[in-house]
file my_file33.cif (mmCIF, C-alpha atoms)
data_structure
loop_
_atom_site.label_atom_id
_atom_site.label_comp_id
_atom_site.auth_asym_id
_atom_site.auth_seq_id
_atom_site.Cartn_x
_atom_site.Cartn_y
_atom_site.Cartn_z
CA MET A 84 -5.56 -14.58 17.39
CA LYS A 85 -3.30 -16.27 14.85
CA VAL A 86 0.19 -14.85 14.39
CA LEU A 87 2.59 -15.68 11.56
CA PHE A 88 6.12 -15.83 12.92
CA VAL A 89 8.69 -15.72 10.11
CA PHE A 90 12.20 -16.94 10.86
CA ASP A 91 13.59 -14.91 7.99
CA ASP A 92 16.38 -16.49 5.94
CA GLN A 93 15.20 -15.24 2.54
CA GLU A 94 13.86 -18.09 0.37
CA TYR A 95 14.76 -20.59 3.10
CA SER A 96 12.67 -18.83 5.75
CA SER A 97 10.58 -20.96 8.09
CA PHE A 98 6.96 -20.08 8.81
CA PHE A 99 5.32 -20.67 12.19
CA ILE A 100 1.61 -20.07 12.89
CA TYR A 101 0.87 -19.51 16.57
CA ASP A 102 -2.81 -19.91 17.47
CA LEU A 103 -3.41 -17.82 20.59
CA THR A 104 -7.17 -18.34 20.67
CA SER A 105 -8.40 -18.82 24.22
CA GLY A 106 -8.13 -22.46 25.25
CA ILE A 107 -5.99 -23.42 22.24
CA ASN A 108 -2.26 -24.10 22.39
CA SER A 109 -1.14 -25.02 18.88
CA LEU A 110 1.70 -24.34 16.48
CA LEU A 111 1.95 -24.98 12.75
CA ARG A 112 5.48 -25.22 11.31
CA VAL A 113 5.45 -24.69 7.56
CA SER A 114 8.22 -25.57 5.11
CA PRO A 115 9.42 -22.85 2.70
CA GLU A 116 9.69 -25.51 -0.04
CA ILE A 117 5.92 -25.94 -0.41
CA LYS A 118 4.91 -24.81 -3.88
CA ILE A 119 2.08 -22.34 -4.34
CA GLN A 120 1.53 -22.99 -8.06
CA LYS A 121 4.92 -22.13 -9.62
CA LEU A 122 6.64 -20.49 -6.65
CA THR A 123 7.74 -21.97 -3.35
CA LEU A 124 6.52 -20.23 -0.21
CA GLY A 125 10.06 -19.03 0.40
CA GLU A 126 10.33 -17.53 -3.08
CA LEU A 127 6.91 -15.89 -2.73
CA TYR A 128 7.94 -14.41 0.62
CA THR A 129 10.95 -12.71 -0.97
CA GLN A 130 8.98 -11.30 -3.92
CA VAL A 131 5.90 -9.67 -2.40
CA PRO A 132 5.21 -7.32 0.55
CA ILE A 133 4.44 -9.10 3.81
CA GLU A 134 0.79 -7.97 3.67
CA LYS A 135 0.32 -9.69 0.30
CA PHE A 136 2.16 -12.75 1.54
CA LEU A 137 -0.24 -12.98 4.49
CA ALA A 138 -3.19 -12.75 2.10
CA TYR A 139 -1.81 -15.46 -0.21
CA PHE A 140 -0.94 -17.69 2.75
CA SER A 141 -4.38 -17.28 4.33
CA VAL A 142 -6.19 -18.18 1.11
CA ALA A 143 -3.85 -21.04 0.15
CA PHE A 144 -4.22 -22.86 3.48
CA SER A 145 -7.70 -21.59 4.44
CA ILE A 146 -6.29 -20.06 7.63
CA LYS A 147 -7.05 -16.43 8.41
CA VAL A 148 -3.81 -14.79 9.55
CA GLU A 149 -3.57 -11.00 9.84
CA LYS A 150 -0.82 -10.51 12.41
CA TYR A 151 2.86 -11.15 11.81
CA LEU A 152 6.20 -11.02 13.56
CA ILE A 153 9.41 -11.31 11.52
CA LEU A 154 12.77 -12.21 13.00
CA LYS A 155 15.73 -12.21 10.64
CA LYS A 156 18.09 -15.11 11.24
CA ALA A 157 21.00 -12.67 11.33
CA ASP A 158 19.27 -10.74 14.12
CA SER A 159 18.54 -13.95 16.01
CA LEU A 160 22.27 -14.72 15.93
CA LEU A 161 22.95 -11.20 17.15
CA GLY A 162 20.52 -11.85 19.98
CA VAL A 163 22.32 -15.07 20.81
CA LYS A 164 25.63 -13.21 20.78
CA GLU A 165 24.30 -10.58 23.17
CA ALA A 166 22.23 -12.80 25.44
CA GLY A 167 23.36 -16.39 25.15
CA LEU A 168 27.11 -16.71 24.65
CA GLU A 169 29.30 -17.28 27.65
CA GLU A 170 32.81 -15.97 28.23
CA ASP A 171 34.35 -18.59 25.95
CA GLY A 172 32.12 -17.43 23.07
CA LYS A 173 29.96 -20.56 23.13
CA MET A 174 26.44 -21.52 24.18
CA ALA A 175 25.22 -24.77 25.71
CA VAL A 176 22.84 -26.58 23.34
CA THR A 177 21.13 -29.95 23.62
CA VAL A 178 21.25 -31.79 20.28
CA TYR A 179 18.40 -34.29 20.10
CA LYS A 180 19.62 -36.45 17.22
CA ASP A 181 22.63 -36.99 14.97
CA PHE A 182 22.51 -34.97 11.75
CA HIS A 183 24.77 -33.41 9.13
CA ALA A 184 24.40 -29.64 8.75
CA LEU A 185 24.42 -28.54 5.13
CA LYS A 186 25.60 -25.03 6.02
CA ASN A 187 29.09 -26.13 7.10
CA GLY A 188 29.16 -29.90 6.59
CA GLN A 189 29.44 -30.52 10.32
CA LEU A 190 28.16 -33.70 11.96
CA PHE A 191 26.19 -32.81 15.07
CA THR A 192 25.89 -35.74 17.46
CA LYS A 193 23.14 -36.35 19.98
CA GLY A 194 23.91 -34.97 23.43
CA GLU A 195 25.02 -31.82 25.23
CA HIS A 196 27.33 -29.51 23.29
CA ARG A 197 28.85 -26.06 23.49
CA LEU A 198 28.51 -24.32 20.13
CA THR A 199 30.13 -21.24 18.64
CA LEU A 200 28.02 -18.64 16.85
CA ALA A 201 29.03 -20.06 13.45
CA GLU A 202 28.01 -23.55 14.58
CA ILE A 203 24.67 -22.22 15.83
CA ASP A 204 24.14 -20.64 12.40
CA ALA A 205 24.61 -24.06 10.78
CA TYR A 206 22.49 -25.71 13.50
CA ILE A 207 19.42 -23.57 12.72
CA SER A 208 19.72 -23.22 8.91
CA TYR A 209 16.74 -24.75 7.09
CA GLN A 210 17.25 -28.20 5.61
CA ILE A 211 15.65 -31.62 5.30
CA ASP A 212 17.80 -33.98 7.37
CA GLN A 213 19.33 -37.22 6.09
CA ASP A 214 16.53 -39.22 7.74
CA GLY A 215 14.03 -37.31 5.59
CA ARG A 216 12.55 -35.33 8.48
CA ILE A 217 12.22 -31.55 8.79
CA ASP A 218 13.45 -31.42 12.38
CA VAL A 219 15.21 -28.09 11.87
CA PHE A 220 11.99 -26.49 13.15
CA GLU A 221 12.80 -27.85 16.62
CA ARG A 222 16.32 -26.47 16.41
CA GLN A 223 15.08 -23.07 15.31
CA GLU A 224 12.57 -22.99 18.17
CA ASP A 225 15.46 -23.38 20.63
CA ILE A 226 16.87 -20.09 19.37
CA ILE A 227 13.46 -18.40 19.10
CA ARG A 228 12.79 -19.25 22.76
CA LEU A 229 16.09 -17.66 23.71
CA ILE A 230 15.13 -14.43 21.92
CA LYS A 231 11.70 -14.50 23.56
CA ARG A 232 13.25 -14.92 26.99
CA LYS A 233 15.46 -11.92 26.24
CA THR A 234 12.71 -9.61 25.00
CA LEU A 235 9.40 -10.96 26.32
CA ARG A 236 8.35 -12.58 29.54
CA PRO A 237 4.79 -13.31 30.65
CA ARG A 238 4.78 -10.34 33.01
CA LEU A 239 3.05 -7.09 32.16
CA SER A 240 5.91 -4.84 33.27
CA SER A 241 8.53 -6.79 31.29
CA ILE A 242 6.46 -6.86 28.10
CA THR A 243 5.75 -3.12 28.18
CA ASN A 244 9.34 -2.26 29.08
CA ASN A 245 10.75 -4.39 26.24
CA TYR A 246 8.18 -3.56 23.54
CA GLY A 247 10.67 -1.32 21.72
CA THR A 248 13.34 -4.03 21.89
CA VAL A 249 11.00 -6.52 20.23
CA ARG A 250 10.37 -4.14 17.35
CA GLU A 251 14.10 -3.43 17.07
CA TYR A 252 14.80 -7.12 16.46
CA SER A 253 11.82 -7.77 14.20
CA GLY A 254 9.30 -6.54 11.68
CA SER A 255 5.78 -6.67 13.05
CA ASN A 256 2.26 -5.29 12.84
CA LEU A 257 1.58 -6.36 16.42
CA ASN A 258 0.50 -3.48 18.63
CA LEU A 259 1.12 -3.44 22.36
CA LYS A 260 -2.26 -5.10 23.04
CA ASP A 261 -1.37 -7.92 20.63
CA MET A 262 2.05 -8.25 22.22
CA LEU A 263 0.46 -8.53 25.65
CA LYS A 264 -1.80 -11.28 24.34
CA LEU A 265 1.22 -13.04 22.89
CA GLY A 266 3.07 -12.68 26.18
CA THR A 267 0.20 -13.75 28.43
CA GLY A 268 -0.96 -16.43 26.00
CA TYR A 269 1.68 -18.59 24.36
CA LEU A 270 4.61 -17.45 26.48
CA ALA A 271 2.79 -17.71 29.78
CA LYS A 272 1.88 -21.31 29.07
CA GLY A 273 5.20 -22.17 27.51
CA ASN A 274 5.54 -25.26 29.70
CA ALA A 275 2.08 -26.51 28.76
CA ARG A 276 1.70 -29.25 26.20
CA MET A 277 1.55 -27.73 22.73
CA ASN A 278 0.10 -29.40 19.67
CA LYS A 279 2.79 -28.97 17.02
CA ILE A 280 2.07 -29.89 13.41
CA ASN A 281 4.60 -29.86 10.61
CA VAL A 282 3.37 -28.87 7.17
CA PRO A 283 3.92 -31.17 5.33
CA GLU A 284 3.63 -33.96 7.90
CA VAL A 285 6.01 -36.92 8.08
CA GLY A 286 4.91 -39.66 5.70
CA SER A 287 2.98 -37.32 3.41
CA TYR A 288 5.79 -36.31 1.07
CA THR A 289 8.50 -37.70 -1.17
CA LEU A 290 12.01 -36.33 -1.71
CA ASN A 291 14.10 -35.61 -4.78
CA GLY A 292 17.31 -37.56 -5.23
CA ASP A 293 19.93 -38.11 -2.57
CA PHE A 294 20.93 -35.93 0.38
CA PRO A 295 20.84 -32.92 0.31
CA TYR A 296 17.14 -33.40 -0.27
CA GLN A 297 14.41 -31.22 -1.69
CA LEU A 298 10.67 -31.71 -1.35
CA ASN A 299 9.16 -33.49 -4.32
CA ARG A 300 5.47 -34.43 -4.16
CA ILE A 301 3.11 -33.85 -1.22
CA ASP A 302 -0.03 -35.92 -0.63
CA TRP A 303 -2.23 -33.25 0.91
CA GLU A 304 -4.89 -35.81 1.87
CA LYS A 305 -2.42 -37.11 4.48
CA ASN A 306 -2.08 -33.66 6.07
CA ASN A 307 -4.28 -32.03 8.69
CA VAL A 308 -3.56 -28.65 7.11
CA LYS A 309 -4.26 -28.79 3.39
CA LEU A 310 -3.26 -26.64 0.46
CA ARG A 311 -6.23 -25.59 -1.65
CA SER A 312 -6.48 -27.77 -4.73
CA ASP A 313 -6.36 -24.82 -7.15
CA PHE A 314 -2.97 -23.83 -5.69
CA ILE A 315 -1.40 -27.22 -6.34
CA GLN A 316 0.75 -27.28 -9.46
#
call {"tool": "encode", "arguments": {"input": "my_file33.cif", "output": "structure tokens"}}
result
Amino acid sequence: MKVLFVFDDQEYSSFFIYDLTSGINSLLRVSPEIKIQKLTLGELYTQVPIEKFLAYFSVAFSIKVEKYLILKKADSLLGVKEAGLEEDGKMAVTVYKDFHALKNGQLFTKGEHRLTLAEIDAYISYQIDQDGRIDVFERQEDIIRLIKRKTLRPRLSSITNNYGTVREYSGSNLNLKDMLKLGTGYLAKGNARMNKINVPEVGSYTLNGDFPYQLNRIDWEKNNVKLRSDFIQ
């Protein structure tokens, strides 16, 4: 089963494809700046119903995806506020590299930090970092894992008890059986090695101008996951 997880921030949403097929532990992390003919993925996501977006996505990347789970960034921050902040209104976060956040202009330095909710918002907002890498996916996954720990655990009783909570925080066409597969699949082996692939991959794209960057050209031959040639502008 392949599930599209949308970290919804309108046209700057991030797209994650979880492959929960038996024996497979993989995750695709797809940039919203990829152009599908004249529109970016992020723009397309905001302009069509999610069912049509799934159909376009599946055809464009030759990946059949029928299930989806949408988490709005605002709701993820609400989840952090309810589940992750301590008495001082901050949460402990490990920053894995130095980077400037475009959202608030803050320089985050490598190491252990305690961040406010506004700083977490900047920490997880989509951007291409000054080193040209799209490492925001890692930062977003930190928050996604927190929400998953709050609403889903790889135990049958917890998943069934929290099924309504999951739907409250997200849009989804996952039924309880799908949610159980998600919980006993990806979440249960959360400590296992996962094959994570960025789309586009490092070294396969060029950037426009100076920081803040935008994606320019992508050499799809250098990517494991390829955009169909008739979708390339």
call {"tool": "residues_around", "arguments": {"input": "my_file33.cif", "residues": "range 123-136 of chain A", "least_positions_apart": "2", "cutoff": "10 Å", "atoms": "only C-alpha atoms", "output": "compact mmCIF listing (two decimals) with C-alpha atoms, in the frame of the given file"}}
result
# COMPACT_ATOMS: atom_id res chain seq x y z
CA VAL A 89 8.69 -15.72 10.11
CA ASP A 91 13.59 -14.91 7.99
CA ASP A 92 16.38 -16.49 5.94
CA GLN A 93 15.20 -15.24 2.54
CA GLU A 94 13.86 -18.09 0.37
CA TYR A 95 14.76 -20.59 3.10
CA SER A 96 12.67 -18.83 5.75
CA SER A 97 10.58 -20.96 8.09
CA PHE A 98 6.96 -20.08 8.81
CA VAL A 113 5.45 -24.69 7.56
CA SER A 114 8.22 -25.57 5.11
CA PRO A 115 9.42 -22.85 2.70
CA GLU A 116 9.69 -25.51 -0.04
CA ILE A 117 5.92 -25.94 -0.41
CA LYS A 118 4.91 -24.81 -3.88
CA ILE A 119 2.08 -22.34 -4.34
CA GLN A 120 1.53 -22.99 -8.06
CA LYS A 121 4.92 -22.13 -9.62
CA ALA A 138 -3.19 -12.75 2.10
CA TYR A 139 -1.81 -15.46 -0.21
CA PHE A 140 -0.94 -17.69 2.75
CA SER A 141 -4.38 -17.28 4.33
CA VAL A 142 -6.19 -18.18 1.11
CA GLU A 149 -3.57 -11.00 9.84
CA LYS A 150 -0.82 -10.51 12.41
CA TYR A 151 2.86 -11.15 11.81
CA ILE A 153 9.41 -11.31 11.52
CA GLY A 254 9.30 -6.54 11.68
CA SER A 255 5.78 -6.67 13.05
CA ASN A 256 2.26 -5.29 12.84
call {"tool": "atom_distance", "arguments": {"input": "my_file33.cif", "atom1": "CA of Leu259 in chain A", "atom2": "CA of Thr104 in chain A"}}
result
17.1 Å
call {"tool": "atom_distance", "arguments": {"input": "my_file33.cif", "atom1": "CA of Phe182 in chain A", "atom2": "CA of His196 in chain A"}}
result
13.6 Å
call {"tool": "closest_residue", "arguments": {"input": "my_file33.cif", "among": "A:Leu310, A:Met277, A:Leu298, A:Ala157", "to": "Asn108 in chain A", "atoms": "all atoms listed in the file"}}
result
A:Met277
call {"tool": "closest_residue", "arguments": {"input": "my_file33.cif", "among": "A:Met174, A:Leu154, A:Leu168, A:Ile280", "to": "Ile227 in chain A", "atoms": "all atoms listed in the file"}}
result
A:Leu154
call {"tool": "atom_distance", "arguments": {"input": "my_file33.cif", "atom1": "CA of Val219 in chain A", "atom2": "CA of Thr289 in chain A"}}
result
17.5 Å
call {"tool": "closest_residue", "arguments": {"input": "my_file33.cif", "among": "A:Ile301, A:Ile207, A:Val178, A:Ile100", "to": "Lys156 in chain A", "atoms": "all atoms listed in the file"}}
result
A:Ile207
call {"tool": "residues_around", "arguments": {"input": "my_file33.cif", "residues": "Asn307 in chain A", "least_positions_apart": "5", "cutoff": "9 Å", "atoms": "only C-alpha atoms", "output": "NGL selection string"}}
result
:A and (280 or 282-284)
call {"tool": "resolve_selection", "arguments": {"input": "my_file33.cif", "expression": "the PyMOL selection byres ((chain A and resi 224) around 12)", "output": "PyMOL selection string"}}
result
chain A and resi 88-90+97-99+110+112+154+156+159+206-209+218-223+225-232+273+279
call {"tool": "resolve_selection", "arguments": {"input": "my_file33.cif", "expression": "the PyMOL selection byres ((chain A and resi 296) around 9)", "output": "count of residues only"}}
result
14
call {"tool": "resolve_selection", "arguments": {"input": "my_file33.cif", "expression": "the PyMOL selection byres ((chain A and resi 202) around 10)", "output": "MDAnalysis selection string"}}
result
chainID A and resid 173:174 184 186:187 189 191 197:201 203:207
call {"tool": "closest_residue", "arguments": {"input": "my_file33.cif", "among": "A:Leu137, A:Val176, A:Val148, A:Ala143", "to": "Val86 in chain A", "atoms": "all atoms listed in the file"}}
result
A:Val148
call {"tool": "residues_around", "arguments": {"input": "my_file33.cif", "residues": "Val285 in chain A", "least_positions_apart": "3", "cutoff": "9 Å", "atoms": "all atoms listed in the file", "output": "list of chain:residue names"}}
result
A:Gly215, A:Arg216, A:Ile217, A:Asn281, A:Val282, A:Tyr288, A:Asn306
call {"tool": "write_last_selection", "arguments": {"input": "my_file33.cif", "atoms": "C-alpha atoms", "output": "PDB file, in the coordinates of the input"}}
result
ATOM      1  CA  GLY A 215      14.030 -37.310   5.590  1.00  0.00           C
ATOM      2  CA  ARG A 216      12.550 -35.330   8.480  1.00  0.00           C
ATOM      3  CA  ILE A 217      12.220 -31.550   8.790  1.00  0.00           C
ATOM      4  CA  ASN A 281       4.600 -29.860  10.610  1.00  0.00           C
ATOM      5  CA  VAL A 282       3.370 -28.870   7.170  1.00  0.00           C
ATOM      6  CA  TYR A 288       5.790 -36.310   1.070  1.00  0.00           C
ATOM      7  CA  ASN A 306      -2.080 -33.660   6.070  1.00  0.00           C
TER       8      ASN A 306
END
call {"tool": "axis_aligned_box", "arguments": {"input": "my_file33.cif", "around": "range 92-103 of chain A", "padding_each_side": "6 Å", "output": "JSON"}}
result
{"center_x": 6.5, "center_y": -18.1, "center_z": 10.5, "size_x": 31.8, "size_y": 17.7, "size_z": 32.2}
